[in-house]
Amino acid sequence: MMDKNMKVASNSASDSTSRQRSNDGRKTGSVLVVIPSLNEAEHIAGLIAGLLTDAEQIDAKIVVADGGSNDGTCEIIEGIMGDKRVVLLSNKMRIAPSVNDAVAKFGDGAEFLIRIDAHAEYPHQFCAQLLEIQARTGADSVVVSMHTIGRTCFQRAAAAAQNSFLGNGGSLHRNASTGRWVDHGHHALMRIAAFRAVGGYDESFIGNEDAELDFRLRASGFRIYLAAVSIMYHSRGSAKALFRQYFNYGLGRAMNVLKHRQVPKVRQMLPLAVAPAICLLLLIPISPLFAVPVLLWGAICICYGLLLAIRTRDACVAGAGAAAIAMHAGWSFGFFNTLLVGRQVSSRTLIKK
């Protein structure tokens, strides 16, 4: 632990000389805000505008790590780059570990990393709030709660499912928090010294890379604080996209199990039964009883969605059960894809000090 503390102290000392030159000669603020992005033309301009309102106050540089957008996202960012605090970074990996690249190029001289999702809405002065909470708690990582929202009828149904016990199993960071120390949460602020000390995100992970990083943070003695702050996350717009999102979550969770020998929690193990239950349908010619598990699971989801619709008085929410079916199936098949296909798990990271 002493080695870790000495390492953090050394990084903090170097951080005091803020606004040092980054690798390409541009100045870097004491806070590095990174936004991984892919085809977010609908949200990116408003998101950056909100972040710029307190960028000067907190001395922040905003880096958009774009994964190859073809919907005009890059053109929108280039139009905003008249403000020297905004930088566009091309990243062809198209996954959240692109944060590693941003930290490697722009992290020198910065004390804190704040990760922002392009597909979300943030409260006023979000970054300033995180810095205040970190100063008060001394946390190495400050995470937040996430509440899903939607505009279309399907999105509202999916959001209702994701915000409910049926969709999140009571996960702490998917529910409002009064502030507490946790093992994991939705990533927001992190000391760059801590981020670098553990090697950053594992770039072999397609999903669940945040939970994997949190595991290594805790194993190294760093502390994670779940703040009483919530962001609004935009739900996927179709059942196919929702299934794909949760398929990747399942892939990542299984990779965590293999890499760190983690035992899934009960709320994660229950949906695992979905893929085997669906596969049992192939045995219906032998006996109709093989359809019972799927019928029971489907009935529970559909009824739960109807109850949510009655409670919220929103007819669209009645589809929450169908959305939950897509989520559970995606997560379960993704998990078993990793276990059965034998997806290679690597701790390789490209972050450099």
# chains A, B, ... in the order shown; residues from 1 in each chain; ligands from 1
>>> select_by_dssp(residues="range 194-302 of chain A", states="strand (DSSP E)", output="PDB file with N, CA and C atoms, in the first residue's frame")
ATOM      1  N   ILE A 224     -13.915   3.680  -4.181  1.00  0.00           N
ATOM      2  CA  ILE A 224     -14.934   4.118  -5.137  1.00  0.00           C
ATOM      3  C   ILE A 224     -16.152   4.631  -4.377  1.00  0.00           C
ATOM      4  N   TYR A 225     -16.591   5.835  -4.697  1.00  0.00           N
ATOM      5  CA  TYR A 225     -17.723   6.452  -3.991  1.00  0.00           C
ATOM      6  C   TYR A 225     -18.879   6.697  -4.954  1.00  0.00           C
ATOM      7  N   LEU A 226     -20.052   6.167  -4.615  1.00  0.00           N
ATOM      8  CA  LEU A 226     -21.258   6.388  -5.414  1.00  0.00           C
ATOM      9  C   LEU A 226     -21.931   7.670  -4.938  1.00  0.00           C
ATOM     10  N   ALA A 227     -21.879   8.701  -5.770  1.00  0.00           N
ATOM     11  CA  ALA A 227     -22.414  10.015  -5.404  1.00  0.00           C
ATOM     12  C   ALA A 227     -23.932  10.066  -5.545  1.00  0.00           C
ATOM     13  N   ALA A 228     -24.534  10.990  -4.836  1.00  0.00           N
ATOM     14  CA  ALA A 228     -25.980  11.204  -4.930  1.00  0.00           C
ATOM     15  C   ALA A 228     -26.271  12.090  -6.145  1.00  0.00           C
ATOM     16  N   VAL A 229     -25.782  11.649  -7.283  1.00  0.00           N
ATOM     17  CA  VAL A 229     -25.938  12.361  -8.554  1.00  0.00           C
ATOM     18  C   VAL A 229     -26.389  11.340  -9.586  1.00  0.00           C
ATOM     19  N   SER A 230     -27.333  11.722 -10.431  1.00  0.00           N
ATOM     20  CA  SER A 230     -27.854  10.791 -11.427  1.00  0.00           C
ATOM     21  C   SER A 230     -27.806  11.420 -12.809  1.00  0.00           C
ATOM     22  N   ILE A 231     -27.484  10.606 -13.819  1.00  0.00           N
ATOM     23  CA  ILE A 231     -27.518  11.065 -15.204  1.00  0.00           C
ATOM     24  C   ILE A 231     -28.694  10.411 -15.919  1.00  0.00           C
ATOM     25  N   MET A 232     -29.088  11.002 -17.031  1.00  0.00           N
ATOM     26  CA  MET A 232     -30.180  10.474 -17.838  1.00  0.00           C
ATOM     27  C   MET A 232     -29.611   9.834 -19.098  1.00  0.00           C
ATOM     28  N   TYR A 233     -29.847   8.533 -19.247  1.00  0.00           N
ATOM     29  CA  TYR A 233     -29.273   7.779 -20.360  1.00  0.00           C
ATOM     30  C   TYR A 233     -30.378   7.475 -21.376  1.00  0.00           C
ATOM     31  N   HIS A 234     -30.112   7.720 -22.650  1.00  0.00           N
ATOM     32  CA  HIS A 234     -31.101   7.490 -23.705  1.00  0.00           C
ATOM     33  C   HIS A 234     -31.129   6.005 -24.085  1.00  0.00           C
TER      34      HIS A 234
END
>>> residues_around(residues="His328 in chain A", least_positions_apart="6", cutoff="12 Å", atoms="only C-alpha atoms", output="number ranges by chain")
A: 161-162, 166-169, 239, 242-250, 267-278, 294, 297-298, 301, 321-322, 334-335
>>> write_last_selection(atoms="N, CA and C atoms", output="compact mmCIF listing (two decimals), in the first residue's frame")
# COMPACT_ATOMS: atom_id res chain seq x y z
N ALA A 161 -38.26 -0.75 -18.45
CA ALA A 161 -37.69 -2.06 -18.11
C ALA A 161 -36.32 -1.90 -17.46
N GLN A 162 -35.48 -1.06 -18.03
CA GLN A 162 -34.13 -0.88 -17.51
C GLN A 162 -34.12 -0.23 -16.13
N LEU A 166 -36.99 -5.70 -12.65
CA LEU A 166 -36.96 -6.74 -13.68
C LEU A 166 -35.77 -6.56 -14.61
N GLY A 167 -35.39 -5.31 -14.85
CA GLY A 167 -34.31 -5.04 -15.78
C GLY A 167 -32.94 -4.87 -15.16
N ASN A 168 -32.88 -4.40 -13.90
CA ASN A 168 -31.56 -4.16 -13.30
C ASN A 168 -31.30 -4.96 -12.03
N GLY A 169 -32.29 -5.72 -11.57
CA GLY A 169 -32.08 -6.60 -10.43
C GLY A 169 -31.73 -5.89 -9.13
N ALA A 239 -35.63 -3.17 -30.59
CA ALA A 239 -35.37 -4.41 -29.85
C ALA A 239 -34.04 -5.02 -30.29
N LEU A 242 -31.26 -3.12 -28.61
CA LEU A 242 -31.27 -3.42 -27.19
C LEU A 242 -30.67 -4.80 -26.93
N PHE A 243 -31.05 -5.77 -27.75
CA PHE A 243 -30.48 -7.13 -27.63
C PHE A 243 -28.97 -7.09 -27.81
N ARG A 244 -28.51 -6.35 -28.82
CA ARG A 244 -27.07 -6.26 -29.10
C ARG A 244 -26.32 -5.60 -27.93
N GLN A 245 -26.92 -4.56 -27.36
CA GLN A 245 -26.31 -3.88 -26.21
C GLN A 245 -26.11 -4.85 -25.04
N TYR A 246 -27.15 -5.62 -24.74
CA TYR A 246 -27.06 -6.54 -23.60
C TYR A 246 -26.26 -7.79 -23.93
N PHE A 247 -26.20 -8.15 -25.20
CA PHE A 247 -25.32 -9.24 -25.62
C PHE A 247 -23.87 -8.88 -25.29
N ASN A 248 -23.49 -7.64 -25.57
CA ASN A 248 -22.13 -7.18 -25.25
C ASN A 248 -21.91 -7.11 -23.74
N TYR A 249 -22.96 -6.72 -22.99
CA TYR A 249 -22.84 -6.72 -21.53
C TYR A 249 -22.56 -8.14 -21.04
N GLY A 250 -23.28 -9.11 -21.61
CA GLY A 250 -23.08 -10.50 -21.21
C GLY A 250 -21.70 -11.00 -21.56
N ARG A 267 -28.55 -11.63 -8.92
CA ARG A 267 -29.32 -10.88 -9.90
C ARG A 267 -28.78 -11.08 -11.31
N GLN A 268 -27.53 -11.51 -11.42
CA GLN A 268 -26.94 -11.79 -12.72
C GLN A 268 -27.12 -13.25 -13.12
N MET A 269 -27.18 -14.13 -12.13
CA MET A 269 -27.30 -15.56 -12.42
C MET A 269 -28.69 -15.93 -12.90
N LEU A 270 -29.73 -15.26 -12.40
CA LEU A 270 -31.09 -15.60 -12.81
C LEU A 270 -31.31 -15.46 -14.32
N PRO A 271 -30.87 -14.34 -14.94
CA PRO A 271 -31.06 -14.23 -16.40
C PRO A 271 -30.23 -15.24 -17.18
N LEU A 272 -29.21 -15.83 -16.55
CA LEU A 272 -28.40 -16.81 -17.26
C LEU A 272 -29.22 -18.02 -17.71
N ALA A 273 -30.30 -18.28 -17.00
CA ALA A 273 -31.13 -19.45 -17.34
C ALA A 273 -31.90 -19.24 -18.64
N VAL A 274 -31.95 -18.02 -19.14
CA VAL A 274 -32.77 -17.72 -20.32
C VAL A 274 -32.27 -18.46 -21.56
N ALA A 275 -30.98 -18.36 -21.87
CA ALA A 275 -30.46 -19.02 -23.07
C ALA A 275 -30.68 -20.53 -23.05
N PRO A 276 -30.37 -21.23 -21.93
CA PRO A 276 -30.66 -22.67 -21.89
C PRO A 276 -32.15 -22.96 -22.05
N ALA A 277 -33.00 -22.10 -21.46
CA ALA A 277 -34.45 -22.32 -21.58
C ALA A 277 -34.90 -22.20 -23.02
N ILE A 278 -34.36 -21.22 -23.73
CA ILE A 278 -34.72 -21.05 -25.15
C ILE A 278 -34.23 -22.24 -25.96
N VAL A 294 -39.68 -21.31 -20.87
CA VAL A 294 -39.76 -20.09 -21.68
C VAL A 294 -41.12 -19.42 -21.52
N TRP A 297 -41.21 -17.69 -18.08
CA TRP A 297 -40.39 -16.47 -18.10
C TRP A 297 -41.07 -15.37 -18.92
N GLY A 298 -41.56 -15.72 -20.09
CA GLY A 298 -42.23 -14.73 -20.93
C GLY A 298 -43.47 -14.16 -20.26
N CYS A 301 -42.48 -11.62 -17.57
CA CYS A 301 -42.04 -10.36 -18.16
C CYS A 301 -43.22 -9.54 -18.69
N GLY A 321 -42.20 -5.41 -20.85
CA GLY A 321 -41.96 -6.84 -20.72
C GLY A 321 -41.24 -7.40 -21.94
N ALA A 322 -41.66 -6.97 -23.13
CA ALA A 322 -40.99 -7.42 -24.35
C ALA A 322 -39.55 -6.91 -24.39
N GLY A 334 -24.98 -13.69 -24.72
CA GLY A 334 -23.65 -13.10 -24.73
C GLY A 334 -22.74 -13.77 -23.73
N PHE A 335 -23.26 -14.03 -22.53
CA PHE A 335 -22.48 -14.67 -21.48
C PHE A 335 -22.02 -16.07 -21.92
>>> atom_distance(atom1="CA of Gly185 in chain A", atom2="CA of Gly109 in chain A")
26.2 Å
>>> closest_atom_pairs(of="range 94-133 of chain A", to="range 190-194 of chain A", cutoff="12 Å", atoms="only C-alpha atoms", output="CSV")
residue,atom,partner,partner_atom,distance
A:Val99,CA,A:Ile192,CA,11.4
A:Asn100,CA,A:Ile192,CA,10.7
A:Ala102,CA,A:Ile192,CA,11.5
A:Val103,CA,A:Ile192,CA,8.0
A:Ala104,CA,A:Ile192,CA,10.3
A:Phe106,CA,A:Ile192,CA,10.9
A:Gly107,CA,A:Ile192,CA,7.3
A:Asp108,CA,A:Ile192,CA,9.0
A:Gly109,CA,A:Ile192,CA,9.6
A:Ala110,CA,A:Ile192,CA,7.3
A:Glu111,CA,A:Ile192,CA,5.7
A:Phe112,CA,A:Arg191,CA,4.6
A:Leu113,CA,A:Met190,CA,5.2
A:Ile114,CA,A:Met190,CA,6.4
A:Arg115,CA,A:Met190,CA,8.4
A:Ile116,CA,A:Met190,CA,11.8
A:Cys127,CA,A:Met190,CA,11.5
A:Leu130,CA,A:Met190,CA,9.6
A:Leu131,CA,A:Met190,CA,9.8
A:Ile133,CA,A:Met190,CA,11.6
>>> closest_residue(among="A:Arg156, A:Lys259, A:Arg253, A:Arg313", to="Trp331 in chain A", atoms="only C-alpha atoms")
A:Arg253
>>> select_by_dssp(residues="range 50-292 of chain A", states="helix (DSSP H, G or I)", output="PyMOL selection string")
chain A and resi 50-52+55-58+73-80+98-106+126-137+153-163+165-168+172-174+192-197+209-219+239-260+266-272+274-283+288-292
>>> atom_distance(atom1="CA of Leu52 in chain A", atom2="CA of Ala128 in chain A")
11.5 Å
>>> residues_around(residues="Asp183 in chain A", least_positions_apart="5", cutoff="8 Å", atoms="only C-alpha atoms", output="ChimeraX atom specification")
/A:214-215,218,224
>>> atom_distance(atom1="CA of Leu295 in chain A", atom2="CA of Ala323 in chain A")
15.8 Å
